[in-house]
Each structure stands twice: as structure tokens, then as C-alpha cells.
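Next comes start.csv, a file with CSV, C-alpha atoms.
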chain,number,residue,atom,x,y,z
A,115,MET,CA,-1.0,33.2,15.9
A,116,GLU,CA,-4.7,33.7,16.0
A,117,SER,CA,-7.0,31.0,17.0
A,118,ILE,CA,-10.8,30.2,17.1
A,119,THR,CA,-11.9,29.5,20.6
A,120,GLY,CA,-14.9,27.4,19.7
A,121,GLY,CA,-17.1,28.1,22.8
A,122,ASN,CA,-20.8,27.8,22.1
A,123,THR,CA,-20.4,29.2,18.6
A,124,PRO,CA,-19.4,26.8,15.8
A,125,LYS,CA,-15.8,27.4,14.7
A,126,TYR,CA,-16.8,28.0,11.1
A,127,GLN,CA,-19.2,30.8,12.1
A,128,GLU,CA,-16.4,32.5,14.2
A,129,LEU,CA,-14.0,32.3,11.3
A,130,THR,CA,-16.7,33.6,8.9
A,131,GLU,CA,-17.3,36.6,11.2
A,132,GLN,CA,-13.6,37.4,11.6
A,133,LEU,CA,-12.9,37.3,7.8
A,134,ARG,CA,-16.1,39.3,7.1
A,135,LEU,CA,-14.9,42.0,9.5
A,136,GLN,CA,-11.5,42.1,7.8
A,137,ILE,CA,-13.2,42.6,4.4
A,138,VAL,CA,-15.7,45.2,5.6
A,139,SER,CA,-13.0,47.2,7.4
A,140,GLY,CA,-10.8,47.2,4.3
A,141,GLU,CA,-8.1,45.2,5.9
A,142,ILE,CA,-8.7,42.8,3.1
A,143,ALA,CA,-9.0,45.0,0.0
A,144,PRO,CA,-11.3,44.5,-3.1
A,145,GLY,CA,-9.5,42.3,-5.6
A,146,GLN,CA,-7.0,41.2,-3.0
A,147,LYS,CA,-6.2,37.4,-2.9
A,148,LEU,CA,-7.1,35.7,0.4
A,149,PRO,CA,-4.6,33.3,2.0
A,150,SER,CA,-4.8,29.7,1.0
A,151,GLU,CA,-6.9,27.1,2.9
A,152,ASN,CA,-3.8,25.7,4.4
A,153,THR,CA,-2.5,29.1,5.5
A,154,LEU,CA,-5.9,30.0,7.1
A,155,SER,CA,-6.1,26.6,8.7
A,156,ALA,CA,-2.8,27.1,10.4
A,157,GLN,CA,-3.4,30.8,11.2
A,158,TYR,CA,-6.6,30.2,13.0
A,159,GLN,CA,-5.8,26.6,14.2
A,160,VAL,CA,-8.9,25.1,12.6
A,161,SER,CA,-9.4,22.3,10.1
A,162,ARG,CA,-9.4,22.8,6.4
A,163,GLN,CA,-13.1,21.7,6.4
A,164,THR,CA,-13.9,24.6,8.8
A,165,VAL,CA,-12.1,27.0,6.5
A,166,ARG,CA,-13.9,25.7,3.4
A,167,LYS,CA,-17.3,26.1,5.2
A,168,ALA,CA,-16.5,29.7,6.2
A,169,LEU,CA,-15.3,30.6,2.7
A,170,ALA,CA,-18.4,29.0,1.1
A,171,ILE,CA,-20.6,31.2,3.3
A,172,LEU,CA,-18.7,34.4,2.4
A,173,GLN,CA,-18.8,33.5,-1.3
A,174,ASN,CA,-22.5,32.9,-1.1
A,175,GLU,CA,-22.9,36.3,0.6
A,176,GLY,CA,-20.9,38.0,-2.2
A,177,TYR,CA,-17.9,39.0,-0.1
A,178,ILE,CA,-15.5,36.8,-2.0
A,179,TYR,CA,-15.2,34.9,-5.3
A,180,ALA,CA,-13.1,32.0,-6.4
A,181,GLU,CA,-11.2,31.7,-9.7
A,182,HIS,CA,-10.2,28.2,-10.8
A,183,GLY,CA,-6.5,27.7,-10.5
A,184,ARG,CA,-5.8,31.2,-9.1
A,185,GLY,CA,-7.4,31.2,-5.7
A,186,THR,CA,-10.0,33.2,-3.7
A,187,PHE,CA,-10.3,37.0,-4.0
A,188,CYS,CA,-12.2,39.8,-2.2
A,189,SER,CA,-15.2,40.9,-4.2
A,190,GLU,CA,-15.0,44.1,-6.2
A,191,MET,CA,-18.5,45.0,-4.8
A,192,MET,CA,-16.7,45.7,-1.5
A,193,ARG,CA,-15.3,48.9,-3.1
A,194,HIS,CA,-18.8,50.3,-2.4
A,195,ALA,CA,-19.0,49.2,1.2
A,196,HIS,CA,-17.9,52.7,2.5
A,197,PRO,CA,-19.2,56.0,1.2
A,198,SER,CA,-16.9,57.7,-1.3
A,199,LYS,CA,-19.0,60.8,-1.7
A,200,ASN,CA,-18.7,60.4,-5.5
A,201,ILE,CA,-21.7,60.3,-7.8
A,202,ALA,CA,-21.4,59.4,-11.5
A,203,VAL,CA,-23.5,61.4,-13.9
A,204,VAL,CA,-23.7,59.7,-17.3
A,205,THR,CA,-25.2,61.7,-20.2
A,206,THR,CA,-25.4,61.2,-23.9
A,207,TYR,CA,-23.8,64.5,-24.9
A,208,LEU,CA,-21.9,66.7,-22.4
A,209,SER,CA,-21.8,69.7,-24.7
A,210,ASP,CA,-25.4,69.4,-25.9
A,211,TYR,CA,-27.5,72.4,-25.5
A,212,ILE,CA,-29.7,70.7,-22.8
A,213,PHE,CA,-27.2,69.1,-20.6
A,214,PRO,CA,-25.1,71.9,-19.1
A,215,ARG,CA,-28.2,73.1,-17.2
A,216,VAL,CA,-29.3,69.6,-16.3
A,217,ILE,CA,-25.9,69.1,-14.8
A,218,GLN,CA,-26.0,72.4,-13.0
A,219,GLY,CA,-29.2,71.3,-11.3
A,220,ILE,CA,-27.6,68.0,-10.3
A,221,ASP,CA,-24.4,69.8,-9.1
A,222,ASP,CA,-26.3,72.3,-6.9
A,223,VAL,CA,-28.0,69.6,-4.9
A,224,LEU,CA,-25.0,67.2,-4.7
A,225,THR,CA,-22.4,69.8,-3.8
A,226,GLY,CA,-24.7,71.1,-1.1
A,227,ALA,CA,-24.8,67.6,0.3
A,228,GLY,CA,-21.0,67.2,0.2
A,229,TYR,CA,-20.8,65.0,-2.9
A,230,SER,CA,-18.5,65.3,-5.9
A,231,ILE,CA,-19.6,64.6,-9.5
A,232,VAL,CA,-17.8,62.2,-11.9
A,233,LEU,CA,-19.0,63.1,-15.4
A,234,LYS,CA,-19.2,60.4,-18.2
A,235,ASN,CA,-20.3,60.9,-21.8
A,236,THR,CA,-21.6,58.1,-24.0
A,237,LYS,CA,-22.3,60.1,-27.2
A,238,ASN,CA,-25.5,58.1,-27.3
A,239,SER,CA,-23.6,54.8,-27.9
A,240,ARG,CA,-24.7,51.6,-26.3
A,241,THR,CA,-21.2,50.3,-26.4
A,242,ARG,CA,-19.9,53.4,-24.6
A,243,GLU,CA,-22.7,53.2,-22.0
A,244,ALA,CA,-21.7,49.6,-21.2
A,245,GLU,CA,-18.0,50.7,-20.9
A,246,CYS,CA,-19.0,53.6,-18.5
A,247,LEU,CA,-21.0,51.2,-16.3
A,248,GLN,CA,-18.1,48.8,-16.2
A,249,GLU,CA,-15.8,51.6,-15.1
A,250,ILE,CA,-18.3,52.8,-12.5
A,251,LEU,CA,-18.4,49.2,-11.0
A,252,SER,CA,-14.6,49.2,-10.7
A,253,LYS,CA,-14.4,52.5,-8.8
A,254,ASP,CA,-15.6,54.0,-5.6
A,255,ILE,CA,-19.0,55.4,-6.6
A,256,ASP,CA,-22.0,55.9,-4.3
A,257,GLY,CA,-24.7,56.3,-6.9
A,258,VAL,CA,-25.4,57.0,-10.6
A,259,ILE,CA,-27.6,59.4,-12.5
A,260,ILE,CA,-27.9,58.2,-16.1
A,261,GLU,CA,-29.5,59.3,-19.3
A,262,PRO,CA,-29.7,55.9,-21.2
A,263,SER,CA,-28.4,55.8,-24.7
A,264,LYS,CA,-31.0,55.1,-27.4
A,265,SER,CA,-33.6,54.5,-24.7
A,266,GLN,CA,-36.3,53.2,-27.1
A,267,ILE,CA,-34.2,50.2,-28.1
A,268,PHE,CA,-34.1,47.0,-25.9
A,269,CYS,CA,-31.2,47.1,-23.5
A,270,ARG,CA,-28.6,44.3,-24.1
A,271,HIS,CA,-26.4,45.1,-21.0
A,272,MET,CA,-29.0,44.5,-18.3
A,273,ASN,CA,-26.4,42.4,-16.5
A,274,LEU,CA,-24.4,45.6,-15.7
A,275,TYR,CA,-27.5,47.3,-14.1
A,276,GLU,CA,-28.0,44.1,-12.1
A,277,GLN,CA,-24.4,44.3,-11.0
A,278,LEU,CA,-25.0,47.9,-9.8
A,279,GLU,CA,-27.9,46.6,-7.7
A,280,LYS,CA,-25.8,43.7,-6.3
A,281,SER,CA,-23.1,46.2,-5.4
A,282,HIS,CA,-25.7,48.3,-3.6
A,283,ILE,CA,-25.1,51.3,-6.0
A,284,PRO,CA,-28.5,53.0,-6.6
A,285,TYR,CA,-29.2,54.6,-9.9
A,286,VAL,CA,-31.8,57.0,-11.3
A,287,PHE,CA,-32.7,57.4,-15.0
A,288,ILE,CA,-33.3,60.9,-16.5
A,289,GLN,CA,-34.8,61.9,-19.8
A,290,GLY,CA,-35.8,58.3,-20.7
A,291,CYS,CA,-35.5,54.7,-19.6
A,292,PHE,CA,-35.3,51.4,-21.4
A,293,PRO,CA,-38.6,49.5,-22.2
A,294,GLN,CA,-37.8,46.7,-19.8
A,295,MET,CA,-36.8,49.0,-17.0
A,296,LYS,CA,-39.8,51.3,-16.6
A,297,ASP,CA,-40.2,50.2,-13.0
A,298,LYS,CA,-36.7,51.6,-12.1
A,299,PRO,CA,-36.4,55.0,-10.5
A,300,HIS,CA,-36.6,57.8,-13.0
A,301,VAL,CA,-37.2,61.6,-13.5
A,302,LEU,CA,-38.8,62.4,-16.9
A,303,LEU,CA,-40.6,65.2,-18.6
A,304,ASP,CA,-44.1,64.1,-19.7
A,305,ASP,CA,-43.2,64.0,-23.4
A,306,PHE,CA,-46.5,62.5,-24.5
A,307,GLN,CA,-48.3,65.5,-23.0
A,308,GLY,CA,-45.7,67.9,-24.5
A,309,GLY,CA,-46.1,66.4,-28.0
A,310,TYR,CA,-49.9,66.6,-27.6
A,311,MET,CA,-49.9,70.2,-26.4
A,312,ILE,CA,-47.6,71.6,-29.2
A,313,THR,CA,-49.6,69.8,-31.9
A,314,LYS,CA,-53.0,70.8,-30.4
A,315,TYR,CA,-51.7,74.4,-30.5
A,316,LEU,CA,-51.4,74.1,-34.2
A,317,THR,CA,-54.7,72.4,-34.8
A,318,ASP,CA,-56.4,75.1,-32.6
A,319,HIS,CA,-54.8,77.7,-35.0
A,320,GLY,CA,-56.4,76.1,-38.0
A,321,HIS,CA,-53.5,73.9,-39.3
A,322,LYS,CA,-54.5,70.7,-41.0
A,323,ASN,CA,-51.4,69.6,-42.9
A,324,ILE,CA,-49.0,69.1,-40.1
A,325,VAL,CA,-45.7,67.4,-40.7
A,326,GLY,CA,-43.9,65.7,-37.8
A,327,VAL,CA,-40.2,65.2,-37.4
A,328,PHE,CA,-39.2,62.8,-34.6
A,329,LYS,CA,-36.2,60.9,-33.3
A,330,ALA,CA,-36.8,57.1,-33.6
A,331,ASP,CA,-34.3,55.7,-31.2
A,332,ASP,CA,-35.1,57.4,-27.9
A,333,MET,CA,-38.1,57.3,-25.6
A,334,GLN,CA,-38.6,61.1,-25.9
A,335,GLY,CA,-39.1,60.9,-29.6
A,336,GLN,CA,-41.5,58.0,-29.5
A,337,ASN,CA,-43.6,59.7,-26.8
A,338,ARG,CA,-43.7,63.1,-28.5
A,339,HIS,CA,-44.9,61.3,-31.6
A,340,LYS,CA,-47.7,59.6,-29.7
A,341,GLY,CA,-48.8,63.0,-28.4
A,342,TYR,CA,-48.7,64.3,-32.0
A,343,VAL,CA,-51.0,61.5,-33.1
A,344,ARG,CA,-53.4,62.0,-30.3
A,345,ALA,CA,-53.8,65.7,-31.1
A,346,LEU,CA,-54.5,64.9,-34.8
A,347,GLN,CA,-57.1,62.3,-33.8
A,348,GLU,CA,-58.9,64.8,-31.6
A,349,ALA,CA,-58.9,67.4,-34.4
A,350,GLU,CA,-60.3,64.6,-36.7
A,351,ILE,CA,-57.2,65.0,-39.0
A,352,LEU,CA,-56.3,61.7,-40.7
A,353,TYR,CA,-52.8,60.5,-39.6
A,354,ASP,CA,-50.6,60.3,-42.7
A,355,PRO,CA,-47.3,58.3,-42.2
A,356,ASP,CA,-45.9,60.1,-45.3
A,357,LYS,CA,-46.0,63.3,-43.3
A,358,VAL,CA,-43.8,61.9,-40.6
A,359,VAL,CA,-40.0,62.1,-40.7
A,360,TRP,CA,-38.1,59.6,-38.5
A,361,PHE,CA,-34.4,60.2,-37.9
A,362,HIS,CA,-31.8,58.4,-35.7
A,363,THR,CA,-28.8,59.5,-33.6
A,364,GLU,CA,-26.4,58.9,-36.5
A,365,ASP,CA,-28.2,61.0,-39.1
A,366,ARG,CA,-29.7,63.7,-36.8
A,367,LYS,CA,-27.7,66.5,-38.3
A,368,ILE,CA,-28.6,65.9,-41.9
A,369,HIS,CA,-31.8,63.7,-42.4
A,370,PRO,CA,-34.4,66.2,-41.0
A,371,TYR,CA,-33.0,68.9,-43.3
A,372,GLU,CA,-32.9,66.7,-46.4
A,373,ALA,CA,-36.3,65.2,-45.8
A,374,ILE,CA,-38.1,68.5,-45.2
A,375,ARG,CA,-36.4,70.1,-48.2
A,376,GLU,CA,-37.6,67.2,-50.3
A,377,MET,CA,-41.1,67.6,-49.0
A,378,ALA,CA,-41.1,71.3,-49.4
A,379,GLY,CA,-39.7,71.2,-52.9
A,380,LYS,CA,-41.7,68.2,-54.3
A,381,THR,CA,-43.8,65.7,-52.5
A,382,LEU,CA,-45.8,68.2,-50.2
A,383,ARG,CA,-45.3,71.5,-52.1
A,384,GLY,CA,-48.3,73.6,-51.1
A,385,ARG,CA,-49.7,70.9,-48.8
A,386,MET,CA,-47.6,71.5,-45.7
A,387,ASP,CA,-48.8,74.3,-43.4
A,388,ALA,CA,-46.9,73.4,-40.2
A,389,VAL,CA,-44.0,71.3,-38.9
A,390,VAL,CA,-43.8,69.8,-35.4
A,391,CYS,CA,-40.2,69.3,-34.5
A,392,TYR,CA,-38.6,66.8,-32.1
A,393,ASN,CA,-36.6,69.7,-30.5
A,394,ASP,CA,-35.3,73.2,-31.0
A,395,GLN,CA,-32.1,71.8,-32.7
A,396,THR,CA,-34.2,69.9,-35.2
A,397,ALA,CA,-36.4,73.0,-35.8
A,398,GLN,CA,-33.3,75.0,-36.8
A,399,LEU,CA,-32.6,72.4,-39.5
A,400,VAL,CA,-36.2,72.4,-40.6
A,401,ILE,CA,-36.4,76.2,-40.8
A,402,ARG,CA,-33.2,76.3,-43.0
A,403,ALA,CA,-34.6,73.7,-45.3
A,404,LEU,CA,-37.9,75.5,-45.7
A,405,GLN,CA,-36.2,78.9,-46.3
A,406,GLU,CA,-33.9,77.4,-48.9
A,407,GLU,CA,-37.0,76.2,-50.8
A,408,GLY,CA,-38.3,79.8,-50.7
A,409,LEU,CA,-40.8,79.4,-47.9
A,410,ARG,CA,-41.3,82.0,-45.1
A,411,ILE,CA,-41.7,81.2,-41.4
A,412,PRO,CA,-44.4,81.6,-40.3
A,413,GLU,CA,-46.2,83.2,-43.2
A,414,ASP,CA,-46.1,80.1,-45.4
A,415,VAL,CA,-45.3,77.3,-42.8
A,416,SER,CA,-45.5,77.4,-39.0
A,417,VAL,CA,-42.7,75.6,-37.1
A,418,THR,CA,-42.6,74.5,-33.5
A,419,GLY,CA,-39.7,73.4,-31.4
A,420,TYR,CA,-39.3,71.6,-28.1
A,421,ASP,CA,-37.0,72.4,-25.0
A,422,ASN,CA,-37.2,76.2,-25.0
A,423,SER,CA,-33.4,76.3,-25.4
A,424,SER,CA,-31.2,79.2,-26.5
A,425,LEU,CA,-31.8,78.0,-30.0
A,426,ALA,CA,-35.5,78.9,-29.7
A,427,ASN,CA,-34.6,82.6,-30.1
A,428,GLN,CA,-32.5,83.4,-33.2
A,429,GLN,CA,-32.5,86.3,-35.7
A,430,GLY,CA,-35.8,87.7,-34.4
A,431,LEU,CA,-37.6,84.4,-34.7
A,432,ARG,CA,-38.9,83.0,-31.4
A,433,LEU,CA,-40.0,79.4,-31.6
A,434,THR,CA,-43.2,78.3,-30.1
A,435,THR,CA,-41.8,75.5,-28.0
A,436,ILE,CA,-42.3,73.3,-24.9
A,437,ASP,CA,-40.3,74.5,-21.9
A,438,HIS,CA,-37.8,71.9,-20.6
A,439,PRO,CA,-37.0,72.7,-16.9
A,440,GLN,CA,-33.5,71.4,-17.2
A,441,GLU,CA,-32.1,72.5,-13.9
A,442,LYS,CA,-35.3,71.4,-12.1
A,443,LEU,CA,-35.1,68.0,-13.7
A,444,GLY,CA,-31.4,67.6,-12.6
A,445,ALA,CA,-32.1,68.8,-9.1
A,446,MET,CA,-35.0,66.4,-8.7
A,447,ALA,CA,-32.9,63.4,-10.0
A,448,ALA,CA,-30.2,64.3,-7.5
A,449,GLU,CA,-32.6,64.6,-4.6
A,450,LEU,CA,-34.2,61.2,-5.5
A,451,LEU,CA,-30.8,59.6,-5.6
A,452,LEU,CA,-29.7,61.1,-2.3
A,453,SER,CA,-32.9,59.7,-0.7
A,454,MET,CA,-32.1,56.3,-2.1
A,455,ILE,CA,-28.5,56.4,-0.7
A,456,GLN,CA,-29.7,57.6,2.7
A,457,ASN,CA,-32.5,55.1,2.9
A,458,GLY,CA,-30.2,52.3,1.8
A,459,GLU,CA,-32.8,50.8,-0.5
A,460,LYS,CA,-33.7,51.0,-4.2
A,461,GLU,CA,-37.2,52.5,-3.9
A,462,GLU,CA,-38.5,50.4,-6.7
A,463,GLY,CA,-41.1,52.2,-8.8
A,464,GLU,CA,-40.2,55.6,-7.5
A,465,SER,CA,-40.6,58.1,-10.4
A,466,VAL,CA,-41.2,61.7,-11.1
A,467,LEU,CA,-43.1,62.9,-14.2
A,468,ILE,CA,-42.7,66.7,-14.8
A,469,GLN,CA,-45.6,68.4,-16.5
A,470,PRO,CA,-44.7,70.4,-19.7
A,471,MET,CA,-45.5,74.1,-20.4
A,472,LEU,CA,-46.0,75.6,-23.8
A,473,ILE,CA,-44.1,78.8,-24.6
A,474,GLU,CA,-45.7,80.9,-27.4
A,475,GLY,CA,-43.4,82.6,-29.8
A,476,ASN,CA,-43.8,84.1,-33.3
A,477,SER,CA,-43.0,81.0,-35.4
A,478,CYS,CA,-46.6,80.1,-35.9
A,479,MET,CA,-49.6,82.0,-37.2
A,480,GLU,CA,-53.3,81.6,-37.5
A,481,TYR,CA,-54.1,79.5,-40.6
A,482,ARG,CA,-57.7,79.6,-41.9
Could you show the structure in this file as C-alpha cells?
Amino acid sequence: MESITGGNTPKYQELTEQLRLQIVSGEIAPGQKLPSENTLSAQYQVSRQTVRKALAILQNEGYIYAEHGRGTFCSEMMRHAHPSKNIAVVTTYLSDYIFPRVIQGIDDVLTGAGYSIVLKNTKNSRTREAECLQEILSKDIDGVIIEPSKSQIFCRHMNLYEQLEKSHIPYVFIQGCFPQMKDKPHVLLDDFQGGYMITKYLTDHGHKNIVGVFKADDMQGQNRHKGYVRALQEAEILYDPDKVVWFHTEDRKIHPYEAIREMAGKTLRGRMDAVVCYNDQTAQLVIRALQEEGLRIPEDVSVTGYDNSSLANQQGLRLTTIDHPQEKLGAMAAELLLSMIQNGEKEEGESVLIQPMLIEGNSCMEYR
């Protein structure tokens, strides 16, 4: 039978320390039910009042939690008390044309540091993102790299990110971050500058009737649109909302195509000399819509992309686009996360903004 000696240290403090050591060492496992007050009182030869005082301290520190009518349990946050060497990487689309290279950059850094990657895919669904975070909180994970789903929309599961912080699981956002979480660590491409550069390229080449096609529900789309607006203003071209197509995750494969075909066939026939596209995928839909309306690229309409992906070069047409350093972005996110793990702190406000670079192709022409 164990006992508390008393000595110069209060008995409740000695009991608190003994139970804390058992929890931290894993002798009492996460989710495991602790012995009853009566059992602990008899085991350590102390009063029930001493036991209650010790349990209250441990509960306040987050080591244990009580469930009415069921008892006291070891906190799930203790799953993360010991390094697992596992990092969760949560992306919107695992098979998307951007992410294989982003993940490659992450993997190169993490594997070199002795970590393994646990891949999660949200399909850009807020519900699935919440499910992924709940699963991460229940497993042995040392850190998270996450591309938020629909990052332009207010996050309604902030409590899960707060639980990550309470469980001392650092996280880094890539590609975007939620409006109310801009102070959290992130690695982003400067999409405002990218949108500005690609639009300015067109205005410098004489284009005045520039249609924009942007994604409404993520931070990248909003920032690229802001850059587009700034370049038009500098060129003293009046911003026309009727020349901007907004699409969402759910209609991304059809709405840009249908909207541009409508513009090319009716509403803007003969009054559209260029299209700035959200990314290279969108540019492919736009090009198909224009060609089906009998327009030539770039002789009739110039088209730009964004990302400099494999889709930027097809059938002899090389998109003028913005380079997206996917592997570099992934590597930088992994390095930032490792720094946070090693330093044992969140590094609030730590962020990396990668400067874009324009890649000139043959999808645009001088328009005078």
C-alpha cells in the first residue's frame, strides 16, 4: 500500500504530484478512468478531502476531466504529451494538380527530420475539415499543416483549433487562412500581387476590356481579384462588375465555362479582349468556351492562368501565368512547423509571404 508521508509538503500536493507523474509517464493512459475517491483515499492513506483537492488541481491543469455519474478520466490531451513523430497534412484535394508537389515539399523536409505524414482530404468541405480535426485530436499527432476549406468564409469550428492549442499541437496554414485567424502561423503566396501582376501584363499590352474569373469562397480568389482591381485602376480602366465571373467550389467545373460562353456569344461579343483566370484549370474551361464560340486564342482574346501547372502547356498553347512554387511552399510550411515543435511554442504571428513570378507564354498578344 502506498502512502503520503506528509513531511513539510502538504499531503494534497504530494498526491497531486504522484498522480501527475503517472499520467505524464503513461501509467494512467488517455481516456482511462481513475480510481474512485474512496479507493485513492485508501491507497494513499489520506482523507477524501485531500483526494478531492488533488483531483481539482489536476482537472484545472487539464490532466483529467470529470463526467457526472461516470467518474474521473485522464484527459485526451495527454495523448500528445510524448512525441509520436507523426504530422497530419490536411488538404482540400489530394489529387488536385497543385497538391502532389506541395506534399512532396512537405515530405522532403519532414522525412529528413524523422517524421511520418498522415494525409487527410477535406474535398473543400467545412464539415469534413471539422471531422479531420476531431480525428487528429484523438490520435498521436505532433503537429498539423492545413489548407483551410473555403478560407474566405467565417470559420464556425474555431473551438477545434482552440483544442489543438490546448493540447499543445502546433498548426500552420498553407494557401489561405480564415478571416478571424490571420494572426496564426501561415505560409502563403502573395495572391494580391499575383493578380495585380498578371492583369498589369494585359493592360501594358493594350488590353482594355478584361474579364476576370475568380473563386468566391477562398482567400486566394478574393486576393487575386483585389490585385485585378488595382491593376485596372492604375490603367484608368473603369471596373465593371458585369465583366467579373464569380464561382464556388461546388460549381467550379461548369460555371466558368457557361458564363464565358454566354459572354462570348451574347453579352460581351466583340467587347472582350482578354480574360484573367483564377488558375490554370479555370483557364482551360475558359479557352474551351471561347473556342466553341469561334474565337481564337490569342488572336481574338488573350487568356491568362495562375499556378504554372502542367495544364499551362497543352496542344502548343503555353499560358501566360503566375508561377506557384508548390514544393518550396510545402517545404517552408514544414520547416516552420518543425521550428514550432522544437521551440515548444506557437510563434504567434509567424508568417511567410512568397513573392509571385510571372511566366510569359503565347496565350496573349499585343492589342492596340
Would you give me, as a Markdown table, each residue of region 389-472 of chain A having an atom within 12 Å of an atom of region 254-276 of chain A, along with its shortest atom pair and that distance in Å to one decimal, using all atoms listed in the file and sorting by chain and residue number?
| residue | atom | partner | partner_atom | distance |
| --- | --- | --- | --- | --- |
| A:Leu443 | CA | A:Ile259 | CA | 11.5 |
| A:Gly444 | CA | A:Ile259 | CA | 9.0 |
| A:Ala445 | CA | A:Ile259 | CA | 11.0 |
| A:Met446 | CA | A:Ile259 | CA | 10.9 |
| A:Ala447 | CA | A:Ile259 | CA | 7.1 |
| A:Ala448 | CA | A:Ile259 | CA | 7.5 |
| A:Glu449 | CA | A:Ile259 | CA | 10.7 |
| A:Leu450 | CA | A:Ile259 | CA | 9.8 |
| A:Leu451 | CA | A:Gly257 | CA | 7.1 |
| A:Leu452 | CA | A:Gly257 | CA | 8.3 |
| A:Ser453 | CA | A:Gly257 | CA | 10.8 |
| A:Met454 | CA | A:Gly257 | CA | 8.8 |
| A:Ile455 | CA | A:Gly257 | CA | 7.3 |
| A:Gln456 | CA | A:Asp256 | CA | 10.5 |
| A:Gly458 | CA | A:Asp256 | CA | 10.8 |
| A:Glu459 | CA | A:Gly257 | CA | 11.7 |
| A:Lys460 | CA | A:Gly257 | CA | 10.8 |
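Interatomic distance, CA of Gln294 (chain A) against CA of Pro439 (chain A): 26.2 Å.
Restricting the calculation to only C-alpha atoms, the smallest distance between Met479 (chain A) and any of A:Ile178, A:Leu431, A:Ile351, A:Val415 is found for A:Val415.
If all atoms listed in the file are the atoms counted, then among A:Asp421, A:Asp318, A:Asp354, A:Glu413 the closest residue to Cys391 (chain A) is A:Asp421.
Here CA of Gly290 (chain A) stands at a distance of 21.9 Å from CA of Leu251 (chain A).
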Can you tell me which residues surround Phe328 (chain A) at a distance of at most 7 Å, considering all atoms listed in the file, apart from same-chain residues fewer than 5 positions away, and format the answer as a PyMOL selection string?
chain A and resi 335+339+359-361+391-392
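For Gln146 (chain A), the non-local neighbours within 12 Å, defined as residues at least 6 positions apart in the same chain or in other chains and counting all atoms listed in the file, are A:Gln136, A:Ile137, A:Gly140, A:Tyr177, A:Ile178, A:Tyr179, A:Ala180, A:Arg184, A:Gly185, A:Thr186, A:Phe187, A:Cys188, A:Ser189, A:Glu190, A:Met192, A:Arg193.
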Interatomic distance (Å, one decimal) between CA of Gln218 (chain A) and CA of Thr396 (chain A):
23.8 Å
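Taking all atoms listed in the file into account, Gly176 (chain A) lies nearest to A:Ser281 out of the set A:Gln429, A:Ser424, A:Ser281, A:Gln163.
The residue that comes closest to Ala378 (chain A), out of A:Glu364, A:Glu131, A:Tyr353, A:Leu404 and on the basis of all atoms listed in the file, is A:Leu404.
Proximity to Thr164 (chain A) at 8 Å, evaluated using all atoms listed in the file and with sequence-adjacent residues fewer than 4 positions away removed, yields Lys125, Tyr126, Val160 and Ala168 of chain A.
Restricting the calculation to all atoms listed in the file, the smallest distance between Glu243 (chain A) and any of A:Thr435, A:Gln127, A:Thr381, A:Thr205 is found for A:Thr205.
Summary of the local environment: counting all atoms listed in the file, residues at most 7 Å from Phe306 (chain A), other than itself and those fewer than 3 positions away along its chain, are A:Gly309, A:Tyr310, A:Asn337, A:Arg338, A:Lys340, A:Gly341.
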